[in-house]
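File shown: query.pdb. Contents: PDB, C-alpha atoms.
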ATOM      1  CA  MET A  25       0.000   0.000   0.000
ATOM      2  CA  GLU A  26       1.337   3.396  -0.972
ATOM      3  CA  LYS A  27       0.965   5.705   2.008
ATOM      4  CA  THR A  28      -0.175   9.319   1.940
ATOM      5  CA  SER A  29       2.772  11.645   2.539
ATOM      6  CA  ILE A  30       2.137  14.087   5.402
ATOM      7  CA  ALA A  31       3.791  17.401   6.292
ATOM      8  CA  VAL A  32       3.186  18.609   9.862
ATOM      9  CA  LEU A  33       3.473  22.369  10.479
ATOM     10  CA  VAL A  34       4.437  23.440  14.009
ATOM     11  CA  SER A  35       5.481  26.498  16.017
ATOM     12  CA  GLY A  36       6.108  25.369  19.586
ATOM     13  CA  GLY A  37       6.506  22.405  21.903
ATOM     14  CA  GLY A  38       5.003  19.868  19.537
ATOM     15  CA  THR A  39       2.700  17.919  21.869
ATOM     16  CA  ASN A  40       0.198  17.363  19.042
ATOM     17  CA  LEU A  41       3.086  16.358  16.763
ATOM     18  CA  GLN A  42       4.117  13.802  19.414
ATOM     19  CA  ALA A  43       0.553  12.441  19.451
ATOM     20  CA  LEU A  44       0.810  11.983  15.671
ATOM     21  CA  ILE A  45       4.239  10.317  15.888
ATOM     22  CA  ASP A  46       2.941   7.949  18.606
ATOM     23  CA  ALA A  47      -0.161   7.178  16.515
ATOM     24  CA  GLN A  48       2.009   6.433  13.488
ATOM     25  CA  ASN A  49       4.223   4.102  15.566
ATOM     26  CA  SER A  50       1.219   2.281  17.088
ATOM     27  CA  GLY A  51      -0.602   1.832  13.783
ATOM     28  CA  ILE A  52      -3.501   4.231  14.469
ATOM     29  CA  ILE A  53      -2.162   6.183  11.492
ATOM     30  CA  ASN A  54      -1.740   3.401   8.948
ATOM     31  CA  HIS A  55      -2.518   5.024   5.585
ATOM     32  CA  GLY A  56      -0.202   8.002   6.098
ATOM     33  CA  ARG A  57       3.439   8.675   6.886
ATOM     34  CA  ILE A  58       4.940  11.908   8.219
ATOM     35  CA  THR A  59       7.648  12.864   5.726
ATOM     36  CA  ALA A  60       8.370  16.409   6.965
ATOM     37  CA  VAL A  61       7.984  18.560  10.059
ATOM     38  CA  ILE A  62       8.192  22.281   9.321
ATOM     39  CA  SER A  63       8.510  24.867  12.094
ATOM     40  CA  SER A  64       7.807  28.581  11.768
ATOM     41  CA  LYS A  65      10.286  29.167  14.635
ATOM     42  CA  PRO A  66      13.902  27.938  14.631
ATOM     43  CA  ASP A  67      13.929  27.170  18.377
ATOM     44  CA  ALA A  68      10.672  25.159  18.516
ATOM     45  CA  TYR A  69      11.023  22.029  20.656
ATOM     46  CA  ALA A  70       8.846  20.226  18.083
ATOM     47  CA  LEU A  71      11.927  20.082  15.811
ATOM     48  CA  LYS A  72      13.731  17.988  18.446
ATOM     49  CA  ARG A  73      10.741  15.630  18.621
ATOM     50  CA  ALA A  74      10.892  15.188  14.842
ATOM     51  CA  GLU A  75      14.640  14.507  14.890
ATOM     52  CA  ALA A  76      14.241  11.986  17.737
ATOM     53  CA  ALA A  77      11.648  10.163  15.623
ATOM     54  CA  GLY A  78      13.899  10.197  12.545
ATOM     55  CA  ILE A  79      11.584  12.522  10.608
ATOM     56  CA  PRO A  80      13.162  15.208   8.378
ATOM     57  CA  ALA A  81      12.783  18.548  10.189
ATOM     58  CA  TYR A  82      12.866  21.967   8.525
ATOM     59  CA  THR A  83      12.574  25.586   9.603
ATOM     60  CA  ALA A  84      10.744  28.238   7.633
ATOM     61  CA  ASP A  85      11.511  31.163   9.946
ATOM     62  CA  ARG A  86       8.466  33.397   9.689
ATOM     63  CA  LYS A  87      10.195  36.449  11.173
ATOM     64  CA  ALA A  88      13.320  36.153   9.036
ATOM     65  CA  LEU A  89      11.516  35.294   5.793
ATOM     66  CA  GLY A  90       8.743  37.890   5.998
ATOM     67  CA  GLN A  91       6.949  37.970   2.640
ATOM     68  CA  GLY A  92       8.828  34.867   1.488
ATOM     69  CA  PHE A  93       7.468  32.704   4.337
ATOM     70  CA  GLU A  94       4.688  30.928   2.439
ATOM     71  CA  GLN A  95       6.901  30.501  -0.604
ATOM     72  CA  GLU A  96       9.427  28.624   1.567
ATOM     73  CA  LEU A  97       6.626  26.509   3.081
ATOM     74  CA  ARG A  98       5.493  25.539  -0.423
ATOM     75  CA  ARG A  99       9.054  24.662  -1.429
ATOM     76  CA  ILE A 100       9.546  22.291   1.525
ATOM     77  CA  ILE A 101       6.076  20.741   1.098
ATOM     78  CA  ARG A 102       6.808  20.126  -2.590
ATOM     79  CA  GLN A 103      10.271  18.715  -1.794
ATOM     80  CA  ALA A 104       8.721  16.310   0.764
ATOM     81  CA  GLY A 105       6.068  15.250  -1.749
ATOM     82  CA  ALA A 106       3.422  15.963   0.905
ATOM     83  CA  GLU A 107      -0.176  15.308  -0.077
ATOM     84  CA  LEU A 108      -1.704  16.218   3.290
ATOM     85  CA  ILE A 109      -0.724  19.180   5.477
ATOM     86  CA  VAL A 110      -1.469  19.041   9.212
ATOM     87  CA  LEU A 111      -1.334  22.177  11.371
ATOM     88  CA  ALA A 112      -0.367  21.023  14.877
ATOM     89  CA  GLY A 113       0.106  24.055  17.121
ATOM     90  CA  PHE A 114       1.027  26.166  14.083
ATOM     91  CA  MET A 115       0.698  29.824  15.076
ATOM     92  CA  SER A 116       0.478  31.509  11.669
ATOM     93  CA  ILE A 117      -2.643  32.385   9.701
ATOM     94  CA  LEU A 118      -2.161  31.143   6.141
ATOM     95  CA  SER A 119      -3.227  33.344   3.236
ATOM     96  CA  ALA A 120      -6.200  32.530   0.983
ATOM     97  CA  ASP A 121      -3.704  32.130  -1.871
ATOM     98  CA  PHE A 122      -1.931  29.386   0.098
ATOM     99  CA  THR A 123      -5.017  27.546   1.371
ATOM    100  CA  GLU A 124      -6.674  27.602  -2.070
ATOM    101  CA  SER A 125      -3.604  25.833  -3.500
ATOM    102  CA  TYR A 126      -4.379  22.797  -1.280
ATOM    103  CA  PRO A 127      -8.204  22.481  -1.216
ATOM    104  CA  GLU A 128      -9.319  20.085   1.551
ATOM    105  CA  ARG A 129      -5.713  18.957   1.966
ATOM    106  CA  ILE A 130      -4.886  21.128   5.009
ATOM    107  CA  ILE A 131      -6.308  20.177   8.414
ATOM    108  CA  ASN A 132      -6.075  21.877  11.789
ATOM    109  CA  VAL A 133      -6.946  21.016  15.380
ATOM    110  CA  HIS A 134      -8.635  23.763  17.427
ATOM    111  CA  PRO A 135      -9.137  23.514  21.225
ATOM    112  CA  SER A 136     -12.886  24.196  21.340
ATOM    113  CA  LEU A 137     -16.122  22.865  19.895
ATOM    114  CA  ILE A 138     -16.383  25.053  16.790
ATOM    115  CA  PRO A 139     -18.325  27.351  16.278
ATOM    116  CA  SER A 140     -17.710  28.292  19.941
ATOM    117  CA  PHE A 141     -14.571  30.254  20.873
ATOM    118  CA  CYS A 142     -12.950  30.191  17.457
ATOM    119  CA  GLY A 143     -11.765  32.514  14.696
ATOM    120  CA  LYS A 144      -9.361  35.435  14.788
ATOM    121  CA  GLY A 145      -7.756  35.984  18.200
ATOM    122  CA  TYR A 146      -8.794  32.622  19.643
ATOM    123  CA  TYR A 147      -5.653  30.540  20.128
ATOM    124  CA  GLY A 148      -3.773  28.825  22.948
ATOM    125  CA  LEU A 149      -4.896  29.703  26.462
ATOM    126  CA  LYS A 150      -7.182  32.486  25.167
ATOM    127  CA  VAL A 151      -9.665  29.830  24.019
ATOM    128  CA  HIS A 152      -9.871  28.230  27.472
ATOM    129  CA  GLU A 153      -9.990  31.609  29.240
ATOM    130  CA  ALA A 154     -13.004  32.522  27.085
ATOM    131  CA  ALA A 155     -14.732  29.180  27.757
ATOM    132  CA  LEU A 156     -14.309  29.575  31.528
ATOM    133  CA  ALA A 157     -15.418  33.219  31.446
ATOM    134  CA  ARG A 158     -18.598  32.183  29.628
ATOM    135  CA  GLY A 159     -19.272  29.408  32.118
ATOM    136  CA  VAL A 160     -19.746  26.602  29.596
ATOM    137  CA  LYS A 161     -20.058  23.093  31.049
ATOM    138  CA  LEU A 162     -18.724  21.349  27.941
ATOM    139  CA  THR A 163     -15.813  22.295  25.748
ATOM    140  CA  GLY A 164     -13.550  20.081  23.626
ATOM    141  CA  ALA A 165     -11.617  20.026  20.389
ATOM    142  CA  THR A 166     -12.377  20.151  16.686
ATOM    143  CA  VAL A 167     -10.401  18.921  13.685
ATOM    144  CA  HIS A 168     -11.377  20.804  10.544
ATOM    145  CA  PHE A 169     -10.230  21.556   7.035
ATOM    146  CA  VAL A 170      -8.434  24.886   6.628
ATOM    147  CA  ASN A 171      -9.702  27.546   4.254
ATOM    148  CA  ASP A 172      -9.289  31.327   4.021
ATOM    149  CA  ILE A 173     -11.455  31.946   7.131
ATOM    150  CA  PRO A 174      -9.707  31.236  10.469
ATOM    151  CA  ASP A 175     -11.313  28.053  11.893
ATOM    152  CA  GLY A 176     -13.893  28.305   9.098
ATOM    153  CA  GLY A 177     -13.374  25.094   7.103
ATOM    154  CA  ARG A 178     -15.556  21.979   7.080
ATOM    155  CA  ILE A 179     -15.508  20.023  10.360
ATOM    156  CA  ILE A 180     -14.016  16.510  10.200
ATOM    157  CA  MET A 181     -14.254  15.399  13.842
ATOM    158  CA  GLN A 182     -15.144  16.741  17.301
ATOM    159  CA  LYS A 183     -14.863  15.446  20.857
ATOM    160  CA  ALA A 184     -16.395  16.981  23.984
ATOM    161  CA  VAL A 185     -14.635  17.431  27.335
ATOM    162  CA  GLU A 186     -16.330  18.349  30.615
ATOM    163  CA  VAL A 187     -15.396  21.576  32.338
ATOM    164  CA  GLN A 188     -14.804  20.939  36.050
ATOM    165  CA  ASP A 189     -15.397  23.210  39.033
ATOM    166  CA  GLY A 190     -12.248  25.132  39.910
ATOM    167  CA  ASP A 191     -10.684  24.676  36.468
ATOM    168  CA  THR A 192      -7.944  27.127  35.547
ATOM    169  CA  PRO A 193      -7.281  27.868  31.862
ATOM    170  CA  GLU A 194      -4.054  25.837  32.176
ATOM    171  CA  ALA A 195      -5.803  22.803  33.740
ATOM    172  CA  LEU A 196      -8.556  22.923  31.121
ATOM    173  CA  GLN A 197      -5.999  23.227  28.312
ATOM    174  CA  GLN A 198      -4.207  20.086  29.543
ATOM    175  CA  ARG A 199      -7.461  18.106  29.840
ATOM    176  CA  VAL A 200      -8.660  19.145  26.374
ATOM    177  CA  MET A 201      -5.316  18.062  24.898
ATOM    178  CA  ARG A 202      -5.294  14.708  26.724
ATOM    179  CA  GLU A 203      -8.973  13.819  26.332
ATOM    180  CA  ALA A 204      -9.709  15.302  22.909
ATOM    181  CA  GLU A 205      -6.909  16.772  20.764
ATOM    182  CA  TRP A 206      -4.450  13.879  21.080
ATOM    183  CA  ILE A 207      -7.252  11.400  20.299
ATOM    184  CA  ILE A 208      -9.142  12.971  17.401
ATOM    185  CA  LEU A 209      -6.210  14.561  15.549
ATOM    186  CA  PRO A 210      -4.561  11.183  14.770
ATOM    187  CA  MET A 211      -7.988   9.660  13.953
ATOM    188  CA  ALA A 212      -8.816  12.485  11.552
ATOM    189  CA  VAL A 213      -5.359  12.310   9.937
ATOM    190  CA  GLU A 214      -5.842   8.567   9.351
ATOM    191  CA  LYS A 215      -9.333   9.154   7.903
ATOM    192  CA  ILE A 216      -8.153  11.771   5.377
ATOM    193  CA  ALA A 217      -4.908   9.888   4.590
ATOM    194  CA  GLU A 218      -6.975   6.795   3.785
ATOM    195  CA  GLU A 219      -9.283   8.804   1.502
ATOM    196  CA  ILE A 220      -6.274  10.249  -0.366
ATOM    197  CA  ALA A 221      -4.606   6.823  -0.632
ATOM    198  CA  ASP A 222      -7.829   5.225  -1.932
ATOM    199  CA  LYS A 223      -8.250   7.982  -4.518
ATOM    200  CA  LYS A 224      -4.650   7.452  -5.692
ATOM    201  CA  SER A 225      -5.105   3.718  -6.100
ATOM    202  CA  GLU A 226      -8.369   4.277  -8.014
ATOM    203  CA  GLU A 227      -6.659   6.725 -10.376
ATOM    204  CA  ALA A 228      -3.786   4.273 -10.890
ATOM    205  CA  LYS A 229      -6.131   1.532 -12.142
TER     206      LYS A 229
END

Structure re-expressed in C-alpha cells:
Amino acid sequence: MEKTSIAVLVSGGGTNLQALIDAQNSGIINHGRITAVISSKPDAYALKRAEAAGIPAYTADRKALGQGFEQELRRIIRQAGAELIVLAGFMSILSADFTESYPERIINVHPSLIPSFCGKGYYGLKVHEAALARGVKLTGATVHFVNDIPDGGRIIMQKAVEVQDGDTPEALQQRVMREAEWIILPMAVEKIAEEIADKKSEEAK
C-alpha cells in the first residue's frame, strides 16, 4: 500500500506532533506517513521531537523570511512530496492564496467545539480563558479543514470534554489536549490519509 505523505506544520513544543508520531508508531495512522515537520520558529522544541523520531525537520523562519514565508513553506512541502498538510500548534494564519492551492488537503486542530470560541484571536490559552469566562459546562476540540477563514473550514471530527469546578485555563488546556486533541487529531489524519490513498489507487487503475 502506498501511504499518503504528510507534512506537519508546528510552532512550539510539539505535543500534538508527538501524538501523531505515537499514533504512526502504534498503527492508528496506517494510511499516512509523516515525511516532513516544518517549524515557523527555529527554536521550537517540536523540531527535536521530529529529529528523535527520525523525521526530516525543517525551519521556515516566519520572522526572518517575511513575505517569502509561504513561498518557503510551499518549497519544503513540494520537496517532501506531501499530499496532506497538518497544522499542529502552528501559530500563523495562512493566506487565501496558500489555502486555495491545497483544497481540503490542510487540516487543523482547534481547542474548542467550533463554532464556539474560534476565529481570529482565539488561540492557545485564550480559548480556554473565554470558555471559563462564559461558564460553559462542555468544551472540547475540533479537527477541521483549513480555508481562508480562520477556523472556518468543514468540520471533520469533534470530541467533547467536561469543564470541572475550579478549572484554571491551564488545567482545562491540559485536559482538552489529553482527552480530545491527542485522540481525534490522529484519527482524523488517518481518515483523510486513507481517503487520499484510496483515490490514488483508483486513479492508478

Residues picked by the PyMOL selection byres ((chain A and resi 41-58) around 8) here, as a PDB file with C-alpha atoms, in the frame of the given file?
ATOM      1  CA  MET A  25       0.000   0.000   0.000  1.00  0.00           C
ATOM      2  CA  GLU A  26       1.337   3.396  -0.972  1.00  0.00           C
ATOM      3  CA  LYS A  27       0.965   5.705   2.008  1.00  0.00           C
ATOM      4  CA  THR A  28      -0.175   9.319   1.940  1.00  0.00           C
ATOM      5  CA  SER A  29       2.772  11.645   2.539  1.00  0.00           C
ATOM      6  CA  ILE A  30       2.137  14.087   5.402  1.00  0.00           C
ATOM      7  CA  ALA A  31       3.791  17.401   6.292  1.00  0.00           C
ATOM      8  CA  VAL A  32       3.186  18.609   9.862  1.00  0.00           C
ATOM      9  CA  VAL A  34       4.437  23.440  14.009  1.00  0.00           C
ATOM     10  CA  GLY A  38       5.003  19.868  19.537  1.00  0.00           C
ATOM     11  CA  THR A  39       2.700  17.919  21.869  1.00  0.00           C
ATOM     12  CA  ASN A  40       0.198  17.363  19.042  1.00  0.00           C
ATOM     13  CA  THR A  59       7.648  12.864   5.726  1.00  0.00           C
ATOM     14  CA  ALA A  60       8.370  16.409   6.965  1.00  0.00           C
ATOM     15  CA  VAL A  61       7.984  18.560  10.059  1.00  0.00           C
ATOM     16  CA  ALA A  70       8.846  20.226  18.083  1.00  0.00           C
ATOM     17  CA  ARG A  73      10.741  15.630  18.621  1.00  0.00           C
ATOM     18  CA  ALA A  77      11.648  10.163  15.623  1.00  0.00           C
ATOM     19  CA  ILE A  79      11.584  12.522  10.608  1.00  0.00           C
ATOM     20  CA  ALA A 112      -0.367  21.023  14.877  1.00  0.00           C
ATOM     21  CA  TRP A 206      -4.450  13.879  21.080  1.00  0.00           C
ATOM     22  CA  ILE A 207      -7.252  11.400  20.299  1.00  0.00           C
ATOM     23  CA  LEU A 209      -6.210  14.561  15.549  1.00  0.00           C
ATOM     24  CA  PRO A 210      -4.561  11.183  14.770  1.00  0.00           C
ATOM     25  CA  MET A 211      -7.988   9.660  13.953  1.00  0.00           C
ATOM     26  CA  VAL A 213      -5.359  12.310   9.937  1.00  0.00           C
ATOM     27  CA  GLU A 214      -5.842   8.567   9.351  1.00  0.00           C
ATOM     28  CA  ALA A 217      -4.908   9.888   4.590  1.00  0.00           C
ATOM     29  CA  GLU A 218      -6.975   6.795   3.785  1.00  0.00           C
ATOM     30  CA  ALA A 221      -4.606   6.823  -0.632  1.00  0.00           C
TER      31      ALA A 221
END

When the PyMOL selection byres ((chain A and resi 173) around 12) is applied to the structure above, which residues does it catch, written out as an mmCIF file with C-alpha atoms, in the frame of the given file?
data_model
loop_
_atom_site.group_PDB
_atom_site.id
_atom_site.type_symbol
_atom_site.label_atom_id
_atom_site.label_comp_id
_atom_site.auth_asym_id
_atom_site.auth_seq_id
_atom_site.Cartn_x
_atom_site.Cartn_y
_atom_site.Cartn_z
ATOM 1 C CA ILE A 117 -2.643 32.385 9.701
ATOM 2 C CA LEU A 118 -2.161 31.143 6.141
ATOM 3 C CA SER A 119 -3.227 33.344 3.236
ATOM 4 C CA ALA A 120 -6.200 32.530 0.983
ATOM 5 C CA ASP A 121 -3.704 32.130 -1.871
ATOM 6 C CA THR A 123 -5.017 27.546 1.371
ATOM 7 C CA GLU A 124 -6.674 27.602 -2.070
ATOM 8 C CA CYS A 142 -12.950 30.191 17.457
ATOM 9 C CA GLY A 143 -11.765 32.514 14.696
ATOM 10 C CA LYS A 144 -9.361 35.435 14.788
ATOM 11 C CA HIS A 168 -11.377 20.804 10.544
ATOM 12 C CA PHE A 169 -10.230 21.556 7.035
ATOM 13 C CA VAL A 170 -8.434 24.886 6.628
ATOM 14 C CA ASN A 171 -9.702 27.546 4.254
ATOM 15 C CA ASP A 172 -9.289 31.327 4.021
ATOM 16 C CA PRO A 174 -9.707 31.236 10.469
ATOM 17 C CA ASP A 175 -11.313 28.053 11.893
ATOM 18 C CA GLY A 176 -13.893 28.305 9.098
ATOM 19 C CA GLY A 177 -13.374 25.094 7.103
ATOM 20 C CA ARG A 178 -15.556 21.979 7.080
#

Residues within 12 Å of stretch 194-197 of chain A, only C-alpha atoms, excluding chain neighbours under 2 positions, as a PyMOL selection string: chain A and resi 134-136+147-156+160-165+185-192+199-206

Atom-to-atom span, atom CA of A:Ala68 and atom CA of A:Gly37, Å: 6.0 Å

Output check: residues returned by the PyMOL selection byres ((chain A and resi 108) around 6), as a list in words: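 Selected by the PyMOL selection byres ((chain A and resi 108) around 6) in this file: Ile30, Ala106, Glu107, Ile109 and Arg129 of chain A.
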
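Nearest-residue note for A:Ala104: choosing from A:Tyr82, A:Arg158, A:Ser140, A:Ile180, the minimum distance belongs to A:Tyr82, counting all atoms listed in the file.
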
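What separates atom CA of A:Leu33 from atom CA of A:Lys87 is a distance of 15.6 Å.
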
Pairwise distance for atom CA of A:Leu71 and atom CA of A:Glu96, rounded to one decimal in Å: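 That distance, rounded to one decimal, is 16.8 Å.
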
Since the input is missing atoms, can you rebuild all heavy atoms for stretch 34-45 of chain A and write them as a compact mmCIF listing (two decimals), keeping the file's coordinate frame?
# COMPACT_ATOMS: atom_id res chain seq x y z
N VAL A 34 4.39 23.21 12.56
CA VAL A 34 4.44 23.44 14.01
C VAL A 34 5.04 24.81 14.31
O VAL A 34 5.67 25.43 13.45
CB VAL A 34 5.28 22.34 14.71
CG1 VAL A 34 4.65 20.97 14.55
CG2 VAL A 34 6.72 22.32 14.17
N SER A 35 4.86 25.24 15.58
CA SER A 35 5.48 26.50 16.02
C SER A 35 6.07 26.43 17.41
O SER A 35 6.82 27.31 17.81
CB SER A 35 4.45 27.65 16.00
OG SER A 35 3.99 27.89 14.69
N GLY A 36 5.70 25.38 18.18
CA GLY A 36 6.11 25.37 19.59
C GLY A 36 6.60 24.03 20.07
O GLY A 36 7.43 23.38 19.44
N GLY A 37 6.03 23.60 21.21
CA GLY A 37 6.51 22.40 21.90
C GLY A 37 6.28 21.10 21.17
O GLY A 37 6.99 20.13 21.38
N GLY A 38 5.23 21.06 20.36
CA GLY A 38 5.00 19.87 19.54
C GLY A 38 4.30 18.72 20.23
O GLY A 38 4.52 17.56 19.87
N THR A 39 3.41 19.02 21.20
CA THR A 39 2.70 17.92 21.87
C THR A 39 1.74 17.23 20.90
O THR A 39 1.59 16.00 20.94
CB THR A 39 1.94 18.41 23.12
OG1 THR A 39 1.14 19.53 22.76
CG2 THR A 39 2.90 18.79 24.23
N ASN A 40 1.08 17.99 20.04
CA ASN A 40 0.20 17.36 19.04
C ASN A 40 1.01 16.59 18.00
O ASN A 40 0.58 15.54 17.53
CB ASN A 40 -0.69 18.41 18.35
CG ASN A 40 -1.91 18.76 19.20
OD1 ASN A 40 -2.53 17.89 19.79
ND2 ASN A 40 -2.24 20.03 19.26
N LEU A 41 2.18 17.10 17.65
CA LEU A 41 3.09 16.36 16.76
C LEU A 41 3.44 15.02 17.41
O LEU A 41 3.43 13.98 16.74
CB LEU A 41 4.36 17.17 16.48
CG LEU A 41 5.50 16.39 15.81
CD1 LEU A 41 5.11 15.92 14.41
CD2 LEU A 41 6.78 17.23 15.77
N GLN A 42 3.75 15.04 18.72
CA GLN A 42 4.12 13.80 19.41
C GLN A 42 2.97 12.80 19.38
O GLN A 42 3.18 11.59 19.20
CB GLN A 42 4.51 14.10 20.87
CG GLN A 42 5.15 12.91 21.57
CD GLN A 42 6.48 12.49 20.93
OE1 GLN A 42 7.37 13.30 20.75
NE2 GLN A 42 6.57 11.21 20.55
N ALA A 43 1.74 13.32 19.53
CA ALA A 43 0.55 12.44 19.45
C ALA A 43 0.47 11.79 18.07
O ALA A 43 0.11 10.61 17.96
CB ALA A 43 -0.71 13.24 19.75
N LEU A 44 0.83 12.53 17.04
CA LEU A 44 0.81 11.98 15.67
C LEU A 44 1.92 10.95 15.47
O LEU A 44 1.70 9.90 14.86
CB LEU A 44 0.95 13.11 14.64
CG LEU A 44 -0.23 14.08 14.54
CD1 LEU A 44 0.13 15.27 13.66
CD2 LEU A 44 -1.47 13.38 14.02
N ILE A 45 3.11 11.26 15.99
CA ILE A 45 4.24 10.32 15.89
C ILE A 45 3.89 9.01 16.61
O ILE A 45 4.09 7.92 16.08
CB ILE A 45 5.54 10.94 16.46
CG1 ILE A 45 6.02 12.10 15.57
CG2 ILE A 45 6.64 9.89 16.60
CD1 ILE A 45 7.10 12.98 16.21
